[in-house]
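Participant: My questions will all concern the structure given below.
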Amino acid sequence: MKKLDRKQIAARLARDIPDGAYVNLGIGLPTLVADYLPKDREIVLHSENGVLGIGPRPAPGAEDEDLINAGKEPVTLLKGGAFFHHADSFGMIRGRHLDYCVLGAFQVSVKGDLANWHTGGADAIPAVGGAMDLAVGAKNVLVMMEHLTKEGQSKIVERCSYPLTAAHCVTRIYTDLAVIDVRAGDLHVVEIVGDLPFDELQRLTGVPLKHLATAA
Amino acid sequence: MIDKFIATAEEALADVPDGATIMIGGFGNAGMPAQLIEALIAQGAKGLTVVNNNAGNADAGLAALIGRKRVKKILCSFPRQSDSWHFDKAFRAGEIELELVPQGTLAERIRAAGAGIGAFYTPTAFGTRLAEGKETRRIGDTDYVLEYPIHADYALIKADRADRWGNLAYRMTARNFGPIMAAAARITVAQVRETVPLGELDPEVVVTPGIFVQRIVRIAPLRKAA
């Protein structure tokens, strides 16, 4: 079974971000998407800590500790970029001004519920950051994750067993096996990686999938 | 005459009482008022409630304040980090209370305090365990959670430049929580890289007007020897 690696998932997702979009890339895995955004499109990256227009990583030695992203990594600013305070930054998020956010996930339900902030473990110290704001605020919530857990269980589930980040928020799921849209409580398979048969994807996923014949 | 310049960080924080609520600006190292936090540690106030996005990193700053058991409660969005060992230890020992707040709700609760708002409805966290026990309301086709402002006795923030009226200009993403915390606290202490004569800050670049700032401490070394 052919599987995309994390960079390939990021590259696949990046292809779907249109020219002119305002986008927030979540910390961790989603940050990889920035490396694959098509160069001929003007895409404005937002970060929770008060910046629009994030550019590439700075050259070694050119880092500035006052210019970082939400993952606290040094970044650069593109021409046309802007700074603002935290309340304005989250006003942009909740106020539905962002076209896309890209988030990782522990689980996504058939209804588009997202669980990505807490494993629910009694001993776990919870941390939520901006995930709940992004999940309710962005016009399109794109999730990138591995399709299966290390134990082979589907991360796309009937109901999330982990604590929710937000209900009914996920627009599209990009995994190492498929691209799946969440539409009115149904999961529509947009694309399957390699020559994995739909029936096999259905078996691995467990919850009902609808097959869209159209390849993106 | 208005002169908000204070000679030292120690002097600026001398009156912080035990049990005070203190907002601390910064996101990562950007905008973190490191010298003010050091002065707060030296000052000795305890039983503090701290408002910050995180719960301290490594061994300095907020982490050191927590490590010395001076913080009884923290309101933040992201306490758990690879190097948040002082918080982790205090939390697991039951020595510190955590109020976990989604980052946008944290920012808006701070903003609301400074803006005189009694409470507000936000869609963030509806239907999650962070909204358990909170009042909710459906407005139109959206469900909201009622959230209350966070007021503070002190805000410790970092800005780039200030004049003696307390007008502040920031540098890049070091702005983060500074402007909203300045408005939310009764006494705002700003550490700045540079102080300038009145009139030298272009009014168009002043992000935090001096009305929100009570004390200014210049931390950067002098550029010229006396």
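In the structure tokens, the first chain shown is A, the next is B, and so on; residue numbers restart at 1 for each chain, and ligands run from 1 in the order shown.
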For a quick test of understanding: name the residues of chain A lying within 8 Å of chain B when counting only C-alpha atoms, and present them as JSON, numbers by chain.

Facilitator: {"A": [49, 50, 51, 65, 66, 67, 68, 72, 83, 84, 85, 86, 87, 90, 91, 94, 125, 126, 127, 128, 129, 130, 131, 132, 133, 136, 163, 164, 165, 166, 167]}

Participant: Skipping near chain neighbours, those fewer than 4 positions away, what residues fall within 6 Å of range 38-41 of chain B using only C-alpha atoms, listed as a PyMOL selection string?

Facilitator: chain B and resi 9-10+65

Participant: Could you pull out the alpha helix (DSSP H) residues of range 2-172 of chain A, going by DSSP on the backbone, and write them as a ChimeraX atom specification?

Facilitator: /A:6-14,86-94,131-137

Participant: What is the distance, in Å and to one decimal place, between CA of Tyr36 in chain A and CA of Asp16 in chain A?

Facilitator: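 CA of Tyr36 in chain A sits 10.7 Å away from CA of Asp16 in chain A.
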
Participant: Report as a list in words all protein, DNA and RNA residues lying within 10 Å of Pro74 in chain A, evaluated on only C-alpha atoms, omitting residues in the same chain fewer than 3 positions from it.

Facilitator: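 Skipping anything fewer than 3 positions along the chain leaves Pro56, Arg57, Pro58, Ala59, Ala62, Glu63, Asp64, Glu65, Asp66, Leu67, Ile68, Asn69, Ala70 and Gly71 of chain A.
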
Participant: Near Gly56 in chain B, within 8 Å and counting only C-alpha atoms, which residues show up once chain neighbours fewer than 5 positions away are dropped, as a PyMOL selection string?

Facilitator: chain B and resi 61-64+66+79+84+86-87

Participant: Which residues come within 12 Å of Leu13 in chain A, counting only C-alpha atoms, excluding same-chain residues fewer than 6 positions away, as a ChimeraX atom specification?

Facilitator: /A:4,6-7,25,29-38,100-103,141-145,172-176,178-180,191,216

Participant: If I take CA of Ala82 in chain A and CA of Glu200 in chain B, how far is one from the other in Å, to one decimal?

Facilitator: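 About the pair CA of Ala82 in chain A and CA of Glu200 in chain B: they are 22.8 Å apart.
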
Participant: Using only C-alpha atoms, which protein or nucleic acid residues come within 12 Å of Ser161 in chain A? Drop anything in the same chain fewer than 6 positions from it, and give the result as a PyMOL selection string.

Facilitator: chain A and resi 106-109+113-116+118-121+155

Participant: Could you give me, as a list in words, the residues within 9 Å of Lys73 in chain B, counting only C-alpha atoms and dropping anything in the same chain fewer than 5 positions from it?

Facilitator: Gly47, Leu48, Thr49, Val50, Val51, Glu95, Ile96, Glu97, Leu98 and Glu99 of chain B

Participant: May I ask which of the residues B:Gly44, B:Gly166, B:Gly67, B:Gly116 is the closest one to Gly19 in chain B, counting only C-alpha atoms?

Facilitator: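 When distances to Gly19 in chain B are compared using only C-alpha atoms, the smallest one comes from B:Gly44.
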
Participant: Using Å and a single decimal, report how far CA of Ile117 in chain B sits from CA of Ala159 in chain B.

Facilitator: 25.4 Å
